[in-house]
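First comes the structure, then the notes that go with it.
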Amino acid sequence: MALIEIENLSVTFRSKGHLVRAVQDVSLSVGDGESYGLVGESGSGKSTILRAICGLAPVTGGTIRIAGQPVPDPRGRDFSRQVQMVFQDPYASLHPRHTLDRVLSEPLAIHGVKGDADRAVMQALDDVGLPRAFRFRYPHQLSGGQRQRVAIARALMLKPRIVLLDEPTSALDASVQAEVLNLLSRLRAERGLTFLMVSHDLAVIDHMCDRVLVMQHGRAVEELNHADLAGAGMKTDYARTLFEASADRML
Ligand SMILES: Nc1ncnc2c1ncn2[C@@H]1O[C@H](COP(=O)(O)OP(=O)(O)OP(=O)(O)O)[C@@H](O)[C@H]1O
Ligand SMILES: [Mg+2]
């Protein structure tokens, strides 16, 4: 069964008196446990799709269903227990004056999760490969890769089924990027997570995703699977150009 179903989604922003059609008539469906990619040039509407799912962008047409249910407005607590998001810039997404202990325990407190919060925080640090001694550090005392591990740990505190990832490694060095991608793959396998992941880099998507939707100017251009990528089986020139730009980094 599809866990995420998006049908004919449109998002239009009103900006300084004119309309910006960020997403136009996009449909996609992500199976339970699948990892699905969104790729395309800057401004093609990738982040807006993730933001629309979370209720952070104005949906002007179409429907979004999670596990068969239309998403509620406002999204509310049940939604955040099912769906969590990881952003590109871990510095901007972590509060600078909150320790990791606070960052990681807050979701539990807000959602009234019972149990041993200290243990849950330590377990979360273990799960993302950070030393327990980091527990009372602040974000500025960590490297970029370590900060992104914290953001991932925070997203998983409520044990969501779905994680939306917006360029989760593009702010990181290449070697750190690979480590964080491997961490994400491992966590997905261990927990049966469903990923919807944005990247402008088809090599990253090829490594991480079962299928990918190529976006341009707010529209879906074409959907590709691994066989299409391996065999350069793109139907559109636009997807082929993206592929050629990343081909030297794909296996
Ligand atoms: N809050 C907003 N108000 C007005 N326009 C917006 C807003 N957010 C996004 N847009 C516009 O919507 C379009 C799609 O933006 P979006 O951020 O989804 O692109 P993207 O594919 O994620 O690009 P990038 O790869 O640069 O992150 C762009 O033209 C952008 O300027
Ligand atoms: Mg974006």
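By order in the structure tokens, chains are A, B, ...; within a chain, residues start at 1; ligands start at 1, following the order shown.
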Considering only C-alpha atoms, return as number ranges by chain whatever protein or nucleic-acid residues lie within 8 Å of Ser27 of chain A, sequence-local ones (same chain, fewer than 3 positions apart) excluded. A: 5-9, 220
With a distance cut-off of 9 Å and only C-alpha atoms, select the neighbouring residues of segment 248-250 of chain A, excluding the residue or stretch itself and same-chain residues fewer than 5 positions from it, and output the selection as a ChimeraX atom specification. /A:202-204,206-207,230
How would the residues just picked look written out with N, CA, C and O atoms as a PDB file, in the first residue's frame?
```
ATOM      1  N   LEU A 202      21.807  13.748  -8.632  1.00  0.00           N
ATOM      2  CA  LEU A 202      21.268  12.446  -9.007  1.00  0.00           C
ATOM      3  C   LEU A 202      22.125  11.291  -8.496  1.00  0.00           C
ATOM      4  O   LEU A 202      21.632  10.188  -8.287  1.00  0.00           O
ATOM      5  N   ALA A 203      23.431  11.549  -8.266  1.00  0.00           N
ATOM      6  CA  ALA A 203      24.299  10.485  -7.745  1.00  0.00           C
ATOM      7  C   ALA A 203      23.871  10.123  -6.317  1.00  0.00           C
ATOM      8  O   ALA A 203      23.830   8.944  -5.947  1.00  0.00           O
ATOM      9  N   VAL A 204      23.533  11.133  -5.509  1.00  0.00           N
ATOM     10  CA  VAL A 204      23.064  10.890  -4.140  1.00  0.00           C
ATOM     11  C   VAL A 204      21.740  10.131  -4.185  1.00  0.00           C
ATOM     12  O   VAL A 204      21.537   9.133  -3.478  1.00  0.00           O
ATOM     13  N   ASP A 206      20.579   8.261  -6.587  1.00  0.00           N
ATOM     14  CA  ASP A 206      20.785   6.915  -7.112  1.00  0.00           C
ATOM     15  C   ASP A 206      21.256   5.976  -6.004  1.00  0.00           C
ATOM     16  O   ASP A 206      20.830   4.824  -5.907  1.00  0.00           O
ATOM     17  N   HIS A 207      22.102   6.509  -5.122  1.00  0.00           N
ATOM     18  CA  HIS A 207      22.641   5.722  -4.014  1.00  0.00           C
ATOM     19  C   HIS A 207      21.551   5.405  -2.976  1.00  0.00           C
ATOM     20  O   HIS A 207      21.541   4.348  -2.373  1.00  0.00           O
ATOM     21  N   ALA A 230      20.580   3.135 -14.388  1.00  0.00           N
ATOM     22  CA  ALA A 230      21.729   2.313 -14.792  1.00  0.00           C
ATOM     23  C   ALA A 230      21.833   2.235 -16.310  1.00  0.00           C
ATOM     24  O   ALA A 230      22.931   2.247 -16.869  1.00  0.00           O
TER      25      ALA A 230
END
```
Within 12 Å of ligand 1, which residues show up when you count only C-alpha atoms and all ligand atoms? List them as number ranges by chain, please. A: 10-24, 38-52, 56-58, 87-89, 165-168, 170-171, 197-201, 213-220
Please identify which residues in segment 137-191 of chain A DSSP calls helix (DSSP H, G or I) from the backbone, and express them as an MDAnalysis selection string. chainID A and resid 139:141 144:156 174:191
Point-to-point distance from atom CA of Met234 of chain A to atom CA of Ala174 of chain A, Å rounded to tenths: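 The value is 26.6 Å.
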Assign secondary structure with DSSP using the backbone only, and return the residues of segment 63-234 of chain A in strand (DSSP E or B) as a PyMOL selection string. chain A and resi 63-66+69-70+83-86+162-166+194-198+211-216+219-225
Which of A:Ser35, A:Arg65, A:Met157, A:Gln141 sits closest to Arg119 of chain A [using only C-alpha atoms]: A:Met157
Suppose you want the space between atom CA of Ile152 of chain A and atom CA of Val86 of chain A; what is it in Å?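 Straight-line distance from atom CA of Ile152 of chain A to atom CA of Val86 of chain A works out to 6.4 Å.
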Set the distance at 7 Å and use only C-alpha atoms: which residues neighbour segment 95-100 of chain A once local chain neighbours fewer than 3 positions away are removed? I'd like the list as a list in words. Val103, Leu104, Arg135, Phe136, Arg137, Tyr138, Pro139 and His140 of chain A
Saved selection, atoms kept: C-alpha atoms, as a PDB file, in the first residue's frame:
```
ATOM      1  CA  VAL A 103      17.066  19.149  21.667  1.00  0.00           C
ATOM      2  CA  LEU A 104      16.500  15.408  21.922  1.00  0.00           C
ATOM      3  CA  ARG A 135      24.896  15.054  25.683  1.00  0.00           C
ATOM      4  CA  PHE A 136      25.379  18.455  27.317  1.00  0.00           C
ATOM      5  CA  ARG A 137      27.178  20.098  24.416  1.00  0.00           C
ATOM      6  CA  TYR A 138      25.726  22.915  22.338  1.00  0.00           C
ATOM      7  CA  PRO A 139      25.392  22.779  18.542  1.00  0.00           C
ATOM      8  CA  HIS A 140      28.341  25.156  18.006  1.00  0.00           C
TER       9      HIS A 140
END
```
With only C-alpha atoms as the atoms that count, which of A:Asp210, A:Glu179, A:Glu244, A:Asp101 lies nearest to Val30 of chain A?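 That would be A:Asp210, the residue with the smallest distance to Val30 of chain A.
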Rank A:Gln123, A:Ser80, A:Ser105, A:Ser29 by their smallest atom-to-atom distance to Gly55 of chain A, using only C-alpha atoms, and report the top residue only.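 Nearest to Gly55 of chain A: A:Ser80.
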Kindly give the distance, in Å, that separates atom CA of Leu181 of chain A and atom CA of Phe195 of chain A, rounded to a single decimal.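 Answer for the atom CA of Leu181 of chain A to atom CA of Phe195 of chain A separation: 12.1 Å.
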